[in-house]
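Pasting start.cif here (mmCIF, C-alpha atoms):
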```cif
data_coords
loop_
_atom_site.label_atom_id
_atom_site.label_comp_id
_atom_site.auth_asym_id
_atom_site.auth_seq_id
_atom_site.Cartn_x
_atom_site.Cartn_y
_atom_site.Cartn_z
CA TRP A 1191 181.82 76.64 66.15
CA LEU A 1192 185.58 75.97 66.21
CA ASP A 1193 185.29 72.53 67.79
CA SER A 1194 182.47 71.51 65.45
CA LEU A 1195 184.01 73.12 62.33
CA ASP A 1196 180.82 75.10 61.83
CA ALA A 1197 181.46 77.59 59.01
CA THR A 1198 178.16 79.39 59.61
CA GLY A 1199 179.09 79.76 63.26
CA ALA A 1200 182.54 81.06 62.30
CA PHE A 1201 180.98 83.69 60.06
CA GLN A 1202 178.56 84.77 62.80
CA ALA A 1203 181.32 84.88 65.44
CA LEU A 1204 183.56 87.02 63.25
CA ARG A 1205 180.70 89.29 62.27
CA ASN A 1206 179.62 89.76 65.88
CA ILE A 1207 183.01 91.17 66.84
CA GLY A 1208 183.32 93.47 63.84
CA ALA A 1209 185.92 91.48 61.90
CA PHE A 1210 184.35 92.71 58.67
CA GLY A 1211 184.09 96.28 59.86
CA THR A 1212 180.32 96.47 59.54
CA THR A 1213 177.06 94.92 60.70
CA GLY A 1214 175.42 95.26 57.29
CA ASN A 1215 174.46 91.96 55.70
CA GLN A 1216 175.93 92.34 52.25
CA GLU A 1217 179.15 93.95 53.48
CA ALA A 1218 179.67 91.17 56.03
CA ILE A 1219 179.10 88.45 53.45
CA GLU A 1220 181.50 90.14 51.04
CA GLY A 1221 184.06 90.44 53.83
CA PHE A 1222 183.78 86.75 54.70
CA ILE A 1223 184.20 85.66 51.10
CA ASP A 1224 187.17 88.00 50.67
CA LEU A 1225 188.68 86.50 53.83
CA CYS A 1226 188.37 83.03 52.32
CA ALA A 1227 190.44 84.22 49.35
CA ARG A 1228 193.44 85.01 51.57
CA SER A 1229 196.17 82.35 51.64
CA ASP A 1230 195.75 81.63 55.37
CA PHE A 1231 192.03 80.97 54.90
CA SER A 1232 191.65 79.76 51.30
CA VAL A 1233 191.16 76.03 51.99
CA PRO A 1234 189.31 74.38 54.90
CA ASN A 1235 192.43 73.03 56.62
CA THR A 1236 194.21 76.39 56.82
CA PHE A 1237 190.97 78.24 57.53
CA TRP A 1238 190.29 76.19 60.66
CA CYS A 1239 193.92 76.35 61.76
CA ASN A 1240 193.96 80.16 61.56
CA VAL A 1241 190.48 81.53 62.15
CA TYR A 1242 190.75 81.48 65.96
CA LYS A 1243 193.74 83.84 65.80
CA LEU A 1244 191.77 86.27 63.65
CA TRP A 1245 188.78 86.03 65.98
CA LEU A 1246 191.03 86.57 69.03
CA HIS A 1247 192.56 89.72 67.53
CA HIS A 1248 189.17 91.32 66.84
CA TYR A 1249 187.72 90.13 70.15
CA ALA A 1250 190.63 91.80 71.95
CA ARG A 1251 189.96 95.02 70.05
CA MET A 1252 186.48 95.04 71.59
CA ALA A 1253 187.96 94.64 75.08
CA VAL A 1254 191.10 96.76 74.99
CA GLN A 1255 189.64 100.17 75.83
CA GLU A 1256 187.96 99.03 79.03
CA PHE A 1257 190.91 96.78 79.93
CA GLN A 1258 193.25 99.77 79.72
CA SER A 1259 190.80 101.86 81.72
CA ARG A 1260 190.76 99.29 84.53
CA ILE A 1261 194.58 99.22 84.68
CA TRP A 1262 194.67 103.02 84.69
CA SER A 1263 192.21 103.12 87.59
CA ILE A 1264 194.47 100.90 89.69
CA VAL A 1265 197.56 102.96 88.85
CA ASN A 1266 195.72 106.19 89.69
CA ALA A 1267 194.55 104.76 93.02
CA PHE A 1268 198.15 103.80 93.84
CA ASN A 1269 199.42 107.29 93.00
CA ASP A 1270 196.70 108.93 95.10
CA ARG A 1271 197.62 106.84 98.13
CA TYR A 1272 201.41 107.02 97.92
CA HIS A 1273 202.09 110.36 96.25
CA ALA A 1274 203.05 111.96 99.56
CA ASP A 1275 205.63 109.20 100.09
CA GLY A 1276 207.36 109.97 96.82
CA LEU A 1277 206.18 106.77 95.13
CA ARG A 1278 204.69 106.93 91.66
CA ALA A 1279 203.63 104.71 88.80
CA THR A 1280 202.95 105.47 85.15
CA CYS A 1281 200.93 103.46 82.67
CA GLN A 1282 201.67 103.06 78.98
CA PRO A 1283 198.92 101.30 77.01
CA ALA A 1284 199.96 99.05 74.14
CA THR A 1285 198.12 98.29 70.94
CA VAL A 1286 196.34 94.96 70.52
CA LEU A 1287 198.56 92.27 69.02
CA SER A 1288 197.93 91.90 65.31
CA TYR A 1289 196.91 88.64 63.67
CA GLU A 1290 200.48 88.24 62.41
CA GLN A 1291 201.96 88.87 65.89
CA ILE A 1292 199.61 86.33 67.46
CA LYS A 1293 200.55 83.83 64.77
CA ALA A 1294 204.27 84.35 65.41
CA LYS A 1295 203.86 83.84 69.17
CA GLU A 1296 201.61 80.83 68.64
CA ALA A 1297 204.42 79.11 66.72
CA GLY A 1298 206.41 78.88 69.94
CA LEU A 1299 203.56 77.35 71.95
CA GLY A 1300 202.82 74.14 70.05
CA LYS A 1301 201.84 72.56 66.78
CA VAL A 1302 198.80 74.07 65.09
CA ASP A 1303 196.76 71.37 63.38
CA LEU A 1304 193.21 70.60 62.33
CA HIS A 1305 193.12 67.46 64.46
CA PRO A 1306 192.87 67.07 67.37
CA ALA A 1307 190.58 70.00 68.09
CA SER A 1308 193.02 71.38 70.67
CA GLY A 1309 195.42 72.06 67.79
CA ARG A 1310 193.10 74.82 66.59
CA TRP A 1311 193.21 76.60 69.96
CA ILE A 1312 196.99 76.94 70.45
CA ALA A 1313 196.76 80.75 70.25
CA ALA A 1314 194.72 80.71 73.47
CA GLY A 1315 198.10 80.45 75.20
CA VAL A 1316 199.09 83.92 73.97
CA LEU A 1317 198.36 85.93 77.11
CA ASP A 1318 199.44 89.41 76.06
CA VAL A 1319 197.02 90.09 73.22
CA VAL A 1320 195.91 93.05 75.33
CA ARG A 1321 198.55 94.58 77.55
CA SER A 1322 199.65 97.71 79.34
CA THR A 1323 203.11 98.54 80.70
CA VAL A 1324 203.31 99.99 84.21
CA THR A 1325 206.56 101.65 85.31
CA VAL A 1326 207.36 102.56 88.92
CA ASN A 1327 210.16 104.66 90.38
CA CYS A 1328 211.50 102.14 92.90
CA ALA A 1329 211.29 98.52 94.01
CA ARG A 1330 209.12 99.38 97.03
CA ALA A 1331 206.55 100.95 94.74
CA ALA A 1332 206.44 97.78 92.63
CA THR A 1333 205.89 95.62 95.71
CA LEU A 1334 203.14 97.84 97.09
CA LEU A 1335 201.41 98.13 93.73
CA VAL A 1336 201.23 94.36 93.38
CA ASP A 1337 200.45 93.49 97.00
CA ASP A 1338 198.07 96.32 97.87
CA PHE A 1339 196.28 96.84 94.56
CA PHE A 1340 196.57 94.04 92.02
CA LYS A 1341 196.36 91.10 94.43
CA PRO A 1342 193.18 92.33 96.18
CA ALA A 1343 191.50 93.28 92.88
CA SER A 1344 188.33 91.33 92.10
CA ILE A 1345 186.02 90.83 89.15
CA LEU A 1346 183.10 92.11 91.20
CA GLU A 1347 184.72 95.40 92.17
CA ASN A 1348 187.44 96.01 89.57
CA ARG A 1349 186.49 93.79 86.61
CA ILE A 1350 189.96 92.24 86.84
CA GLU A 1351 191.66 89.66 89.02
CA LEU A 1352 195.31 88.63 89.22
CA VAL A 1353 195.90 85.07 88.00
CA ARG A 1354 199.70 84.86 87.61
CA VAL A 1355 202.87 86.73 88.58
CA LEU A 1356 206.18 86.10 86.81
CA ASN A 1357 208.98 87.54 88.94
CA GLY A 1358 211.92 88.47 86.74
CA PHE A 1359 213.81 89.66 89.82
CA ASN A 1360 213.88 86.21 91.41
CA GLU A 1361 217.47 85.24 92.20
CA SER A 1362 216.94 81.76 90.77
CA ASN A 1363 215.99 83.26 87.41
CA SER A 1364 219.20 84.14 85.56
CA ALA A 1365 217.50 84.93 82.25
CA THR A 1366 216.57 88.48 81.29
CA LEU A 1367 214.22 89.83 78.66
CA THR A 1368 216.34 91.89 76.23
CA GLY A 1369 218.64 92.89 79.08
CA TYR A 1370 216.13 94.06 81.70
CA ARG A 1371 214.06 92.52 84.46
CA SER A 1372 210.43 93.05 85.29
CA LEU A 1373 207.39 91.73 87.08
CA THR A 1374 204.86 90.38 84.61
CA LEU A 1375 201.27 90.16 85.79
CA ASN A 1376 198.58 88.24 83.97
CA VAL A 1377 195.10 89.39 84.88
CA HIS A 1378 191.68 88.04 84.02
CA PHE A 1379 189.51 90.83 82.67
CA ASP A 1380 185.74 90.41 82.64
CA GLY A 1381 183.90 93.11 80.75
CA GLY A 1382 180.47 91.58 81.30
CA ILE A 1383 177.76 91.09 78.68
CA ARG A 1384 177.87 93.30 75.60
CA LEU A 1385 174.91 94.00 73.37
CA LEU A 1386 175.75 93.62 69.71
CA GLY A 1387 174.31 95.69 66.89
CA ARG A 1388 171.78 94.08 64.59
CA ASN A 1389 171.08 94.98 60.99
CA LEU A 1390 168.91 92.45 59.24
CA SER A 1391 168.14 94.51 56.17
CA GLY A 1392 169.64 94.17 52.74
CA ALA A 1393 170.15 91.16 50.47
CA SER A 1394 173.47 89.40 50.25
CA GLY A 1395 173.51 88.63 46.55
CA ASN A 1396 174.51 85.31 45.02
CA ARG A 1397 178.15 84.87 45.99
CA ARG A 1398 179.13 81.62 47.74
CA SER A 1399 181.85 80.48 50.10
CA SER A 1400 183.56 77.17 49.40
CA LEU A 1401 183.40 76.45 53.12
CA ILE A 1402 179.62 76.04 52.86
CA PRO A 1403 179.05 73.80 49.84
CA GLY A 1404 175.66 74.15 48.24
CA ALA A 1405 174.40 76.71 50.75
CA ALA A 1406 173.30 80.18 49.74
CA VAL A 1407 175.18 82.82 51.64
CA ASP A 1408 171.82 84.23 52.80
CA ASP A 1409 171.58 81.18 55.06
CA LEU A 1410 174.39 82.67 57.12
CA LEU A 1411 172.09 85.46 58.20
CA LYS A 1412 169.25 83.41 59.68
CA LYS A 1413 170.62 83.35 63.23
CA ARG A 1414 172.66 85.91 65.02
CA SER A 1415 173.31 86.41 68.71
CA ASN A 1416 172.78 89.92 70.05
CA GLU A 1417 174.79 89.38 73.23
CA MET A 1418 178.40 88.45 73.97
CA GLN A 1419 180.38 87.77 77.13
CA LEU A 1420 183.58 89.83 77.05
CA SER A 1421 186.28 88.05 79.05
CA LEU A 1422 189.99 87.42 78.45
CA ILE A 1423 193.49 87.29 79.95
CA GLY A 1424 195.66 90.40 79.60
CA GLU A 1425 199.22 91.22 80.59
CA VAL A 1426 200.77 93.98 82.69
CA PRO A 1427 204.58 93.99 82.52
#
```

Can I see the file as structure tokens?
Amino acid sequence: WLDSLDATGAFQALRNIGAFGTTGNQEAIEGFIDLCARSDFSVPNTFWCNVYKLWLHHYARMAVQEFQSRIWSIVNAFNDRYHADGLRATCQPATVLSYEQIKAKEAGLGKVDLHPASGRWIAAGVLDVVRSTVTVNCARAATLLVDDFFKPASILENRIELVRVLNGFNESNSATLTGYRSLTLNVHFDGGIRLLGRNLSGASGNRRSSLIPGAAVDDLLKKRSNEMQLSLIGEVP
């Protein structure tokens, strides 16, 4: 829907992930039209340059609870194994990045533009939309946690796999993040297929969206997927 500039598809995608806070027909339609009145979404050019960020925020909200649970399970397994050795790790979940936070980070990744299509996807490079901070009590604990737990993790067994490690302790890296160093792990989280709620009752009224010229808003309701693959990149600093 983003590549093809399909407004009906955009509505359905946002509705499927709860961007309008409801699965009811009329409420979803009202939410979509209200969205199109906001300055970031009020004309087609800005709508298509910004809607992916909004979708990403709400998609991450669907994933965050299980993502945090998977990180916690790894930290707990580490503590169980190495508690007797005096090694420990703690986990501090973070809230999902807001639409505004994603937009601010996106600005440093490239130019957002309607054309080419890749200009609408710049926010896909924001890899910490879901994140959890893990703190250990010594350098050995950090090494063991990464080597013995995160590196062997797999989608099949753990629902996550390690895809990148940024080593802030590397001697060749003189830069620090606000005065401290850390290991930053990016992990691929796969939550599997989710069933989505369906509510096909209730009329939508006569309001229209300017993104769908000449089409009754009821047309938006004709097709709706009831399944979604939940998969994204998260960050563990």

Residue members of the PyMOL selection byres ((chain A and resi 1333) around 12) in the file shown, as number ranges by chain: A: 1268, 1277, 1279, 1326-1332, 1334-1341, 1355, 1357, 1359, 1372-1373

Selection file, C-alpha atoms, as a PDB file, in the coordinates of the input:
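This went into result_25.pdb:
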```pdb
ATOM      1  CA  PHE A1268     198.150 103.800  93.840  1.00  0.00           C
ATOM      2  CA  LEU A1277     206.180 106.770  95.130  1.00  0.00           C
ATOM      3  CA  ALA A1279     203.630 104.710  88.800  1.00  0.00           C
ATOM      4  CA  VAL A1326     207.360 102.560  88.920  1.00  0.00           C
ATOM      5  CA  ASN A1327     210.160 104.660  90.380  1.00  0.00           C
ATOM      6  CA  CYS A1328     211.500 102.140  92.900  1.00  0.00           C
ATOM      7  CA  ALA A1329     211.290  98.520  94.010  1.00  0.00           C
ATOM      8  CA  ARG A1330     209.120  99.380  97.030  1.00  0.00           C
ATOM      9  CA  ALA A1331     206.550 100.950  94.740  1.00  0.00           C
ATOM     10  CA  ALA A1332     206.440  97.780  92.630  1.00  0.00           C
ATOM     11  CA  LEU A1334     203.140  97.840  97.090  1.00  0.00           C
ATOM     12  CA  LEU A1335     201.410  98.130  93.730  1.00  0.00           C
ATOM     13  CA  VAL A1336     201.230  94.360  93.380  1.00  0.00           C
ATOM     14  CA  ASP A1337     200.450  93.490  97.000  1.00  0.00           C
ATOM     15  CA  ASP A1338     198.070  96.320  97.870  1.00  0.00           C
ATOM     16  CA  PHE A1339     196.280  96.840  94.560  1.00  0.00           C
ATOM     17  CA  PHE A1340     196.570  94.040  92.020  1.00  0.00           C
ATOM     18  CA  LYS A1341     196.360  91.100  94.430  1.00  0.00           C
ATOM     19  CA  VAL A1355     202.870  86.730  88.580  1.00  0.00           C
ATOM     20  CA  ASN A1357     208.980  87.540  88.940  1.00  0.00           C
ATOM     21  CA  PHE A1359     213.810  89.660  89.820  1.00  0.00           C
ATOM     22  CA  SER A1372     210.430  93.050  85.290  1.00  0.00           C
ATOM     23  CA  LEU A1373     207.390  91.730  87.080  1.00  0.00           C
TER      24      LEU A1373
END
```

Resolved residues for the PyMOL selection byres ((chain A and resi 1234-1246) around 9) as a PyMOL selection string: chain A and resi 1192+1195+1200+1203-1204+1207+1209+1226+1229-1233+1247-1251+1288-1290+1292-1293+1296+1302-1304+1309-1314+1319+1400-1401

Which of A:Phe1222, A:Gln1216, A:Glu1256, A:Thr1325 sits closest to Thr1198 in chain A [using all atoms listed in the file]: A:Phe1222

Point (198.6, 88.0, 86.3), cut-off 8 Å, counting all atoms listed in the file, residues as a ChimeraX atom specification: /A:1351-1356,1374-1378,1424-1426

Pull out every residue that the PyMOL selection byres ((chain A and resi 1255) around 12) matches in the shown coordinates and put them as a JSON list (two decimals) with C-alpha atoms, keeping the file's coordinate frame.
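After the write, expr19.json holds the following:
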```json
[["chain", "number", "residue", "atom", "x", "y", "z"],
["A", 1249, "TYR", "CA", 187.72, 90.13, 70.15],
["A", 1250, "ALA", "CA", 190.63, 91.80, 71.95],
["A", 1251, "ARG", "CA", 189.96, 95.02, 70.05],
["A", 1252, "MET", "CA", 186.48, 95.04, 71.59],
["A", 1253, "ALA", "CA", 187.96, 94.64, 75.08],
["A", 1254, "VAL", "CA", 191.10, 96.76, 74.99],
["A", 1256, "GLU", "CA", 187.96, 99.03, 79.03],
["A", 1257, "PHE", "CA", 190.91, 96.78, 79.93],
["A", 1258, "GLN", "CA", 193.25, 99.77, 79.72],
["A", 1259, "SER", "CA", 190.80, 101.86, 81.72],
["A", 1260, "ARG", "CA", 190.76, 99.29, 84.53],
["A", 1261, "ILE", "CA", 194.58, 99.22, 84.68],
["A", 1262, "TRP", "CA", 194.67, 103.02, 84.69],
["A", 1283, "PRO", "CA", 198.92, 101.30, 77.01],
["A", 1284, "ALA", "CA", 199.96, 99.05, 74.14],
["A", 1285, "THR", "CA", 198.12, 98.29, 70.94],
["A", 1286, "VAL", "CA", 196.34, 94.96, 70.52],
["A", 1320, "VAL", "CA", 195.91, 93.05, 75.33],
["A", 1321, "ARG", "CA", 198.55, 94.58, 77.55],
["A", 1322, "SER", "CA", 199.65, 97.71, 79.34],
["A", 1379, "PHE", "CA", 189.51, 90.83, 82.67],
["A", 1381, "GLY", "CA", 183.90, 93.11, 80.75]]
```

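Picture a line from CA of Asn1206 in chain A to CA of Ile1383 in chain A; it runs 13.0 Å.
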
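Distance check against Ala1297 in chain A using only C-alpha atoms: of A:Ala1218, A:Val1316, A:Leu1420, A:Ile1345, the minimum falls on A:Val1316.
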
Counting only C-alpha atoms, the option among A:Arg1371, A:Pro1306, A:Gln1291, A:Met1418 closest to Gln1202 in chain A: A:Met1418

Separation of CA of Gly1211 in chain A from CA of Ile1223 in chain A, in Å and rounded to one decimal: 13.8 Å

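Across the model, the gap from CA of Gly1208 in chain A to CA of Leu1287 in chain A is 16.1 Å.
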